[in-house]
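Engineer: Input structure: input_29.cif, which contains mmCIF, C-alpha atoms and all ligand atoms.
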```cif
data_upload
#
loop_
_atom_site.label_atom_id
_atom_site.label_comp_id
_atom_site.auth_asym_id
_atom_site.auth_seq_id
_atom_site.Cartn_x
_atom_site.Cartn_y
_atom_site.Cartn_z
CA MET X 92 -48.56 -14.24 -20.41
CA GLN X 93 -47.13 -10.70 -20.87
CA PRO X 94 -46.05 -11.59 -24.44
CA TRP X 95 -44.02 -8.53 -25.28
CA ILE X 96 -40.54 -8.14 -26.80
CA ILE X 97 -38.89 -4.75 -27.08
CA LYS X 98 -36.11 -4.19 -29.59
CA LEU X 99 -34.11 -0.99 -29.26
CA ASP X 100 -33.02 0.85 -32.39
CA ALA X 101 -29.70 2.51 -33.21
CA ASP X 102 -31.70 5.74 -33.13
CA GLN X 103 -32.20 6.18 -29.40
CA ASN X 104 -35.59 7.82 -29.95
CA VAL X 105 -36.98 4.67 -31.55
CA PHE X 106 -37.93 1.22 -30.25
CA TYR X 107 -40.03 -1.63 -31.61
CA LEU X 108 -42.67 -3.83 -29.99
CA TYR X 109 -42.89 -7.46 -31.16
CA ALA X 110 -45.43 -10.07 -30.06
CA ASP X 111 -43.59 -12.88 -28.27
CA SER X 112 -44.50 -16.00 -30.26
CA THR X 113 -43.21 -18.25 -27.47
CA ARG X 114 -46.01 -16.94 -25.23
CA LEU X 115 -49.07 -17.85 -27.26
CA THR X 116 -52.02 -19.71 -25.73
CA PRO X 117 -53.23 -21.58 -28.84
CA GLU X 118 -56.04 -23.53 -27.16
CA VAL X 119 -57.90 -20.54 -25.79
CA ASP X 120 -56.71 -18.04 -28.42
CA PRO X 121 -56.31 -20.06 -31.62
CA PHE X 122 -56.00 -17.04 -33.97
CA ALA X 123 -53.81 -15.03 -31.58
CA ARG X 124 -56.47 -12.32 -31.51
CA GLN X 125 -56.17 -11.77 -27.76
CA GLN X 126 -52.39 -11.83 -28.19
CA MET X 127 -52.80 -8.77 -30.43
CA ILE X 128 -55.16 -7.00 -28.01
CA THR X 129 -52.50 -7.53 -25.35
CA GLN X 130 -49.97 -5.73 -27.58
CA GLY X 131 -52.34 -2.76 -27.62
CA THR X 132 -52.63 -2.70 -23.82
CA PHE X 133 -48.84 -2.35 -23.63
CA LEU X 134 -48.78 0.47 -26.19
CA GLU X 135 -51.40 2.52 -24.37
CA TYR X 136 -49.44 2.33 -21.11
CA VAL X 137 -46.34 3.46 -23.03
CA ARG X 138 -48.31 6.44 -24.38
CA VAL X 139 -49.69 7.43 -20.97
CA ALA X 140 -46.29 7.05 -19.25
CA GLY X 141 -44.70 9.09 -22.06
CA LEU X 142 -47.06 12.01 -21.45
CA LYS X 143 -46.31 11.94 -17.75
CA PHE X 144 -42.52 12.04 -18.22
CA GLY X 145 -42.54 14.51 -21.11
CA TYR X 146 -42.26 12.26 -24.16
CA LYS X 147 -44.66 12.38 -27.06
CA THR X 148 -44.97 8.88 -28.48
CA ASP X 149 -45.65 8.40 -32.15
CA ILE X 150 -46.97 4.84 -32.53
CA GLU X 151 -46.93 3.34 -36.03
CA LEU X 152 -48.65 -0.05 -36.22
CA PHE X 153 -47.14 -2.83 -38.35
CA PRO X 154 -44.44 -0.60 -39.88
CA ALA X 155 -43.06 -3.58 -41.86
CA GLY X 156 -46.52 -4.64 -43.03
CA GLU X 157 -49.24 -6.80 -41.48
CA TYR X 158 -48.65 -10.46 -40.68
CA ASP X 159 -48.68 -13.19 -43.30
CA GLU X 160 -51.49 -15.26 -41.74
CA HIS X 161 -50.17 -18.44 -43.38
CA ASN X 162 -46.83 -17.97 -41.62
CA LEU X 163 -48.04 -16.41 -38.41
CA ILE X 164 -45.23 -17.41 -36.04
CA ASP X 165 -42.60 -16.41 -38.54
CA SER X 166 -44.37 -13.09 -39.07
CA MET X 167 -44.56 -12.41 -35.33
CA ASN X 168 -40.85 -13.04 -35.02
CA ASN X 169 -39.92 -10.81 -37.93
CA ARG X 170 -42.51 -8.07 -38.20
CA PRO X 171 -42.95 -5.60 -35.35
CA VAL X 172 -46.42 -4.83 -34.06
CA ALA X 173 -45.36 -1.22 -33.61
CA LYS X 174 -42.58 1.26 -34.13
CA ILE X 175 -42.54 3.77 -31.28
CA THR X 176 -40.78 7.08 -31.82
CA ILE X 177 -40.41 9.34 -28.82
CA ALA X 178 -39.90 13.10 -28.82
CA LYS X 179 -39.24 15.30 -25.80
CA THR X 180 -42.09 17.58 -24.74
CA GLU X 181 -43.18 19.20 -21.50
CA PRO X 182 -44.22 16.64 -18.84
CA GLN X 183 -47.99 16.75 -18.36
CA ASP X 184 -49.88 16.14 -15.18
CA ASN X 185 -51.65 13.00 -16.22
CA ALA X 186 -54.50 11.74 -14.06
CA LEU X 187 -54.42 8.31 -15.70
CA TYR X 188 -50.75 7.55 -14.99
CA ASP X 189 -51.12 6.51 -11.33
CA PHE X 190 -53.71 3.88 -12.25
CA ILE X 191 -51.14 1.98 -14.33
CA PHE X 192 -49.90 0.68 -10.97
CA THR X 193 -53.23 -0.63 -9.69
CA PRO X 194 -54.60 -4.04 -10.78
CA ASP X 195 -56.36 -3.88 -14.15
CA THR X 196 -59.00 -6.43 -13.25
CA ASN X 197 -61.28 -6.72 -10.25
CA ARG X 198 -63.17 -10.06 -10.16
CA ALA X 199 -65.18 -9.29 -7.01
CA ALA X 200 -68.85 -8.27 -6.70
CA TYR X 201 -69.60 -4.73 -7.84
CA ARG X 202 -72.03 -2.28 -6.22
CA LYS X 203 -75.38 -1.59 -7.88
CA THR X 204 -74.43 2.09 -8.49
CA GLU X 205 -74.66 2.91 -12.18
CA PRO X 206 -72.33 5.37 -13.91
CA THR X 207 -73.83 8.79 -14.67
CA VAL X 208 -74.54 10.00 -18.20
CA LYS X 209 -71.45 12.23 -17.93
CA GLN X 210 -69.24 9.32 -16.84
CA ILE X 211 -70.41 7.21 -19.78
CA ALA X 212 -69.81 10.18 -22.11
CA ASP X 213 -66.25 10.53 -20.73
CA LEU X 214 -65.63 6.83 -21.36
CA GLN X 215 -67.03 7.17 -24.88
CA ALA X 216 -64.72 10.14 -25.45
CA ALA X 217 -61.77 7.80 -24.84
CA ASN X 218 -62.66 6.05 -28.08
CA THR X 219 -60.76 8.08 -30.63
CA PHE X 220 -60.39 5.13 -33.00
CA LYS X 221 -62.01 4.94 -36.41
CA ASN X 222 -63.86 1.69 -37.09
CA ILE X 223 -64.20 0.80 -33.39
CA SER X 224 -67.45 1.23 -31.52
CA LEU X 225 -68.01 1.07 -27.79
CA GLN X 226 -71.38 0.15 -26.29
CA PHE X 227 -72.57 0.16 -22.68
CA TYR X 228 -75.54 -1.92 -21.50
CA GLN X 229 -77.37 -1.07 -18.28
CA ASP X 230 -80.98 -2.11 -18.93
CA LYS X 231 -82.39 -5.27 -17.36
CA ASN X 232 -83.01 -7.05 -20.65
CA ASN X 233 -79.40 -6.69 -21.81
CA LEU X 234 -77.98 -7.33 -18.33
CA ASP X 235 -79.85 -10.64 -18.17
CA LYS X 236 -78.91 -11.60 -21.70
CA LEU X 237 -75.22 -10.76 -21.28
CA SER X 238 -75.05 -12.48 -17.89
CA ALA X 239 -76.41 -15.60 -19.59
CA TYR X 240 -73.69 -15.37 -22.26
CA ALA X 241 -71.00 -15.01 -19.59
CA MET X 242 -72.36 -18.04 -17.73
CA ALA X 243 -72.63 -20.15 -20.88
CA GLY X 244 -69.04 -19.21 -21.76
CA ALA X 245 -67.75 -20.13 -18.30
CA LYS X 246 -69.57 -23.48 -18.29
CA ILE X 247 -68.35 -24.45 -21.77
CA GLU X 248 -64.77 -23.33 -21.23
CA SER X 249 -64.36 -25.02 -17.87
CA GLY X 250 -65.45 -28.30 -19.47
CA VAL X 251 -62.78 -28.30 -22.19
CA HIS X 252 -59.88 -30.40 -20.93
CA ARG X 253 -57.16 -29.05 -23.23
CA ILE X 254 -57.96 -25.45 -22.17
CA SER X 255 -57.91 -26.37 -18.47
CA ALA X 256 -54.54 -28.02 -19.06
CA GLU X 257 -53.18 -24.92 -20.85
CA SER X 258 -54.22 -22.74 -17.89
CA ALA X 259 -53.04 -25.22 -15.23
CA ASN X 260 -49.62 -25.15 -16.89
CA VAL X 261 -49.16 -21.50 -15.95
CA PHE X 262 -50.67 -21.67 -12.45
CA ARG X 263 -48.14 -20.55 -9.84
CA ALA X 264 -49.08 -22.19 -6.56
CA ASN X 265 -46.70 -20.32 -4.24
CA GLU X 266 -44.28 -17.40 -3.90
CA TYR X 267 -41.32 -19.49 -5.08
CA GLN X 268 -43.06 -20.26 -8.38
CA LYS X 269 -44.36 -16.69 -8.70
CA ASN X 270 -40.83 -15.29 -8.30
CA LYS X 271 -39.41 -17.85 -10.70
CA TYR X 272 -41.86 -17.15 -13.56
CA ARG X 273 -43.42 -13.73 -12.83
CA TYR X 274 -46.35 -14.39 -15.19
CA GLY X 275 -49.35 -16.70 -15.19
CA PHE X 276 -52.18 -17.28 -12.71
CA SER X 277 -51.91 -17.25 -8.92
CA VAL X 278 -54.28 -17.24 -5.94
CA GLU X 279 -54.39 -13.42 -6.07
CA GLY X 280 -56.45 -13.78 -9.25
CA GLN X 281 -59.52 -14.63 -7.19
CA GLY X 282 -58.85 -11.82 -4.76
CA THR X 283 -57.19 -13.92 -2.06
CA THR X 284 -55.34 -11.69 0.41
CA GLY X 285 -54.27 -11.53 4.07
CA ILE X 286 -53.81 -14.71 6.06
CA MET X 287 -55.87 -16.69 3.55
CA LYS X 288 -53.18 -16.21 0.90
CA PRO X 289 -50.38 -18.28 2.51
CA VAL X 290 -52.97 -20.76 3.81
CA LEU X 291 -54.33 -21.37 0.31
CA GLN X 292 -50.85 -21.35 -1.25
CA GLY X 293 -49.72 -23.97 1.30
CA LEU X 294 -52.75 -26.15 0.64
CA VAL X 295 -52.47 -26.14 -3.16
CA THR X 296 -48.68 -26.65 -2.98
CA LEU X 297 -48.97 -29.67 -0.67
CA MET X 298 -52.16 -31.06 -2.22
CA PRO X 299 -52.28 -30.01 -5.90
CA SER X 300 -55.45 -32.11 -6.33
CA LEU X 301 -57.31 -29.40 -4.38
CA ASN X 302 -56.75 -27.24 -7.43
CA GLY X 303 -57.41 -30.07 -9.91
CA GLU X 304 -59.45 -29.77 -13.07
CA LYS X 305 -62.80 -30.59 -11.49
CA SER X 306 -62.51 -28.21 -8.56
CA SER X 307 -61.07 -25.42 -10.73
CA ALA X 308 -63.99 -25.81 -13.16
CA ALA X 309 -66.55 -25.64 -10.35
CA LEU X 310 -64.81 -22.62 -8.82
CA PHE X 311 -64.75 -20.81 -12.19
CA VAL X 312 -68.49 -21.34 -12.75
CA ARG X 313 -69.30 -20.36 -9.14
CA SER X 314 -67.23 -17.19 -9.28
CA THR X 315 -68.62 -16.19 -12.68
CA GLN X 316 -72.14 -16.53 -11.23
CA ALA X 317 -71.21 -14.25 -8.32
CA GLU X 318 -69.65 -11.79 -10.79
CA VAL X 319 -72.65 -11.57 -13.15
CA ASP X 320 -75.08 -11.37 -10.20
CA ASN X 321 -73.26 -8.23 -9.07
CA THR X 322 -72.75 -6.26 -12.27
CA PRO X 323 -74.54 -2.98 -13.02
CA VAL X 324 -73.01 -2.41 -16.48
CA TYR X 325 -71.61 -4.49 -19.33
CA ALA X 326 -69.64 -3.04 -22.21
CA MET X 327 -68.38 -4.18 -25.58
CA ILE X 328 -65.63 -3.04 -27.91
CA VAL X 329 -66.67 -3.93 -31.45
CA THR X 330 -64.52 -3.52 -34.56
CA ALA X 331 -65.75 -3.10 -38.12
CA ASP X 332 -63.51 -5.95 -39.28
CA ASN X 333 -61.12 -8.35 -37.60
CA SER X 334 -57.83 -6.95 -38.91
CA ARG X 335 -54.69 -7.15 -36.81
CA ILE X 336 -54.58 -3.33 -36.66
CA LEU X 337 -58.09 -3.11 -35.19
CA GLN X 338 -57.26 -5.90 -32.73
CA VAL X 339 -54.23 -3.95 -31.46
CA GLU X 340 -56.23 -0.70 -31.37
CA SER X 341 -58.93 -2.47 -29.34
CA GLY X 342 -56.28 -3.27 -26.74
CA MET X 343 -55.15 0.36 -26.69
CA LEU X 344 -58.75 1.42 -26.18
CA TYR X 345 -59.38 -1.23 -23.50
CA SER X 346 -56.40 -0.02 -21.44
CA ARG X 347 -57.49 3.59 -21.85
CA LEU X 348 -60.93 2.58 -20.57
CA VAL X 349 -59.43 0.70 -17.60
CA LEU X 350 -57.44 3.78 -16.58
CA THR X 351 -60.33 6.21 -17.22
CA ALA X 352 -62.81 4.02 -15.32
CA HIS X 353 -60.38 3.67 -12.41
CA ALA X 354 -60.01 7.46 -12.26
CA GLN X 355 -63.83 7.64 -12.04
CA GLY X 356 -63.93 5.12 -9.17
CA PHE X 357 -65.03 2.17 -11.31
CA VAL X 358 -63.29 -1.15 -11.99
CA GLN X 359 -63.58 -3.66 -14.81
CA GLN X 360 -63.27 -7.34 -15.69
CA PRO X 361 -63.19 -8.86 -19.17
CA LEU X 362 -65.42 -11.91 -19.70
CA SER X 363 -63.71 -13.25 -22.78
CA GLN X 364 -64.95 -16.83 -22.98
CA VAL X 365 -67.84 -16.39 -25.48
CA LEU X 366 -65.53 -14.41 -27.77
CA GLU X 367 -63.06 -17.25 -28.13
CA GLU X 368 -62.71 -19.05 -31.44
CA TYR X 369 -62.45 -22.77 -30.57
CA PRO X 370 -65.04 -25.26 -31.85
CA GLU X 371 -66.87 -25.93 -28.56
CA MET X 372 -67.65 -22.19 -28.25
CA ALA X 373 -68.75 -21.67 -31.86
CA GLU X 374 -72.49 -21.65 -31.18
CA GLN X 375 -72.26 -19.05 -28.38
CA TYR X 376 -69.72 -17.06 -30.40
CA ASN X 377 -72.08 -16.89 -33.38
CA GLN X 378 -75.10 -16.01 -31.23
CA VAL X 379 -73.42 -13.23 -29.30
CA HIS X 380 -72.10 -11.77 -32.56
CA ALA X 381 -75.54 -11.98 -34.20
CA ASP X 382 -77.02 -10.18 -31.16
CA TYR X 383 -74.37 -7.55 -30.49
CA ALA X 384 -72.27 -7.12 -33.64
CA PRO X 385 -74.57 -7.59 -36.59
CA GLY X 386 -73.13 -6.75 -40.01
CA ASN X 387 -69.80 -8.56 -39.82
CA GLY X 388 -68.38 -6.72 -36.81
CA THR X 389 -66.11 -8.50 -34.32
CA ILE X 390 -66.56 -8.17 -30.58
CA GLN X 391 -62.99 -7.77 -29.37
CA MET X 392 -63.72 -7.18 -25.67
CA PHE X 393 -66.78 -7.97 -23.56
CA TYR X 394 -66.42 -6.74 -19.99
CA ARG X 395 -68.25 -5.87 -16.79
CA MET X 396 -67.87 -2.58 -14.98
CA GLY X 397 -68.93 -1.23 -11.61
CA GLN X 398 -67.82 0.28 -8.33
CA PRO X 399 -65.70 -2.20 -6.36
CA THR X 400 -66.88 -3.78 -3.11
CA LYS X 401 -63.26 -4.62 -2.24
CA PRO X 402 -59.83 -3.82 -3.65
CA PHE X 403 -57.97 -6.50 -5.59
CA PRO X 404 -54.35 -7.55 -4.92
CA LEU X 405 -51.52 -6.94 -7.38
CA SER X 406 -50.54 -9.82 -9.65
CA MET X 407 -47.17 -10.79 -11.14
CA ARG X 408 -45.28 -8.67 -13.66
CA ARG X 409 -42.17 -9.65 -15.59
CA ASP X 410 -39.04 -7.53 -15.09
CA VAL X 411 -38.95 -4.83 -17.74
CA THR X 412 -35.32 -5.65 -18.61
CA ASP X 413 -36.40 -9.21 -19.50
CA LEU X 414 -38.61 -7.77 -22.25
CA ILE X 415 -35.71 -6.05 -24.01
CA LYS X 416 -33.94 -8.11 -26.63
C1 LIG D 1 -57.39 -9.81 -24.27
C2 LIG D 1 -57.62 -9.96 -22.79
C3 LIG D 1 -58.57 -10.86 -22.33
C4 LIG D 1 -58.83 -11.02 -20.97
N1 LIG D 1 -59.79 -11.89 -20.55
C5 LIG D 1 -60.05 -12.02 -19.24
C6 LIG D 1 -61.11 -12.87 -18.77
O1 LIG D 1 -61.80 -13.52 -19.56
N2 LIG D 1 -61.35 -12.93 -17.44
C7 LIG D 1 -60.61 -12.20 -16.53
O2 LIG D 1 -60.89 -12.30 -15.34
N3 LIG D 1 -59.60 -11.40 -16.94
C8 LIG D 1 -59.31 -11.29 -18.25
N4 LIG D 1 -58.31 -10.44 -18.68
C9 LIG D 1 -57.58 -9.63 -17.69
C10 LIG D 1 -56.20 -10.19 -17.32
O3 LIG D 1 -56.37 -11.48 -16.83
C11 LIG D 1 -55.51 -9.32 -16.27
O4 LIG D 1 -56.23 -8.19 -15.97
C12 LIG D 1 -54.17 -8.87 -16.72
O5 LIG D 1 -53.33 -9.99 -16.78
C13 LIG D 1 -53.54 -7.81 -15.81
O6 LIG D 1 -53.43 -8.28 -14.49
P1 LIG D 1 -54.04 -7.48 -13.24
O7 LIG D 1 -55.49 -7.37 -13.48
O8 LIG D 1 -53.72 -8.32 -12.07
O9 LIG D 1 -53.39 -6.12 -13.21
C14 LIG D 1 -58.06 -10.26 -20.04
C15 LIG D 1 -57.09 -9.36 -20.50
C16 LIG D 1 -56.88 -9.19 -21.85
C17 LIG D 1 -55.84 -8.19 -22.31
#
```
Go through the file and emit its structure as structure tokens.
Structural biologist:
Amino acid sequence: MQPWIIKLDADQNVFYLYADSTRLTPEVDPFARQQMITQGTFLEYVRVAGLKFGYKTDIELFPAGEYDEHNLIDSMNNRPVAKITIAKTEPQDNALYDFIFTPDTNRAAYRKTEPTVKQIADLQAANTFKNISLQFYQDKNNLDKLSAYAMAGAKIESGVHRISAESANVFRANEYQKNKYRYGFSVEGQGTTGIMKPVLQGLVTLMPSLNGEKSSAALFVRSTQAEVDNTPVYAMIVTADNSRILQVESGMLYSRLVLTAHAQGFVQQPLSQVLEEYPEMAEQYNQVHADYAPGNGTIQMFYRMGQPTKPFPLSMRRDVTDLIK
């Protein structure tokens, strides 16, 4: 959804990030938790780009106070997620910067190759946040258990009509729609490239029923099975509580991990379904939290990681000037 609004300040070294309340996905993200993680992903890319171009970025979260949860939309519209203050420094050669321009998510099969102890330690070192823990799971017992959670999540989610409708609403069947909206889902999301891309786009444009609820549900379950069958490592970002600040920081950490993993030759894919807070998912949500975040922690991100078997195509991005209000 790319739900970001930038407001420039009279001080040209300052700008504010707001969450765009018109871009919520209330069915799949009823508490706007993922909306907050997404704010963090933006902030981390700002930080990394700043280093590259010689700007130190001081990021203050919720400078006007945290949201009033009883007036969430109003709060989003009036209280910035972050105040960003930039200061000129020397540009730094930054190995992570180039990976901002590669796709964040790779939904293909991954090779069996496991990361080395040093690579895991480097990923752990990216976690500079207090009250956030990062765990990697590579043993058979946890791989089986976490694959089962991912599958259960995919099966439940694909059977919930109102969620399928929410997603179908932002599906862009062809280049015309992609250029018109520049956000949402498209055939690239399943890795479709080459000649197959216009063929598939033509088919779903002319016969939308091919991409109807039943076939999309079956495709989602089938692809999730192929994903979990080809995953050497799962990881989780767990926060001590579920505050808005820790949600945003989880997003900053997730983006830092994406960039660090890409620099190591690994790719990632979140598997968010079992972490979602709608009633049909409650049982899986509670079980996965009891298993992997005992003691009141919240799993903010659950993702797979591995070496790619094929590159993934770029997806849509909004024009940066459209974000500035
Ligand atoms: C909070 C959050 C949850 C996500 N959940 C999923 C998910 O469940 N499955 C998935 O394939 N991608 C998931 N993604 C990844 C995004 O769909 C995607 O990577 C992002 O829009 C960037 O697009 P790109 O990967 O094409 O660069 C998630 C991303 C975020 C920030």
Engineer: For a test of reading the model, state the distance in Å between atom CA of X:Asn321 and atom CA of X:Lys236, rounded to one decimal.
Structural biologist: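 Answer for the atom CA of X:Asn321 to atom CA of X:Lys236 separation: 14.2 Å.
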Engineer: From the set X:Ala241, X:Leu362, X:Leu310, X:Ile150, which residue has the shortest atom-to-atom contact distance to ligand LIG 1 (chain D), counting all atoms listed in the file?
Structural biologist: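 Using all atoms listed in the file, the shortest distance to ligand LIG 1 (chain D) belongs to X:Leu362.
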Engineer: Compute the set of protein, DNA and RNA residues whose minimum atom distance to ligand LIG 1 (chain D) is at most 6 Å, using all atoms listed in the file, and state it as a PyMOL selection string.
Structural biologist: chain X and resi 125+128-129+194-196+360-364+405-406
Engineer: Check the smallest atom-to-atom distance from each of X:Phe403, X:Glu160, X:Pro206, X:Asn222 to X:Val278 using all atoms listed in the file, then report the winner.
Structural biologist: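 Checking each candidate against X:Val278, we get X:Phe403 as the closest.
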Engineer: Smallest atom-to-atom distance to X:Ala317: which of X:Ala101, X:Ala200, X:Ala140, X:Leu152, using only C-alpha atoms?
Structural biologist: X:Ala200
Engineer: If you count only C-alpha atoms, which residues fall within 9 Å of stretch 341-353 of chain X, apart from same-chain ones fewer than 3 positions away, as an NGL selection string?
Structural biologist: :X and (125 or 127-136 or 139 or 186-191 or 193 or 195-196 or 210 or 213-215 or 217-220 or 223 or 328-330 or 336-338 or 356-359 or 391-392 or 396-397)
Engineer: So which one's closest to X:Lys231, X:Phe192, X:Phe106, X:Tyr383, X:Tyr325? Using only C-alpha atoms, please.
Structural biologist: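 Answer, going by the shortest atom-to-atom distance: X:Tyr325.
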Engineer: So how far away is atom CA of X:Ala308 from atom CA of X:Lys203, in Å?
Structural biologist: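 Separation of atom CA of X:Lys203 and atom CA of X:Ala308: 27.3 Å.
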Engineer: Could you please determine the separation between atom CA of X:Arg198 and atom CA of X:Glu368 in Å, to one decimal place?
Structural biologist: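 For atom CA of X:Arg198 relative to atom CA of X:Glu368, the distance reads 23.1 Å.
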Engineer: Write out as a list in words each polymer residue whose atoms come within 10 Å of X:Ile164, counting all atoms listed in the file; drop sequence neighbours fewer than 2 positions from it.
Structural biologist: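 Everything that qualifies: Ala110, Asp111, Ser112, Thr113, Leu115, Ala123, Tyr158, Asp159, Glu160, His161, Asn162, Ser166, Met167, Asn168, Asn169 and Arg170 of chain X.
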Engineer: For X:Thr400, which of X:Ala256, X:Val105, X:Ala199, X:Ile96 is the closest residue, counting all atoms listed in the file?
Structural biologist: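 Of X:Ala256, X:Val105, X:Ala199, X:Ile96, the one nearest X:Thr400, counting all atoms listed in the file, is X:Ala199.
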Engineer: Here is a test: counting only C-alpha atoms, which residue of X:Pro399, X:Asp149, X:Val324, X:Pro94 is nearest to X:Asn233?
Structural biologist: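 Closest candidate: X:Val324.
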Engineer: Can you tell me, as a list of chain:residue names, what residues are no more than 12 Å from X:Leu301 when counting all atoms listed in the file, ignoring any on the same chain fewer than 6 positions away?
Structural biologist: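 The residues satisfying every condition are X:Ala264, X:Leu291, X:Gln292, X:Gly293, X:Leu294, X:Val295, X:Ser307, X:Ala308, X:Ala309, X:Leu310.
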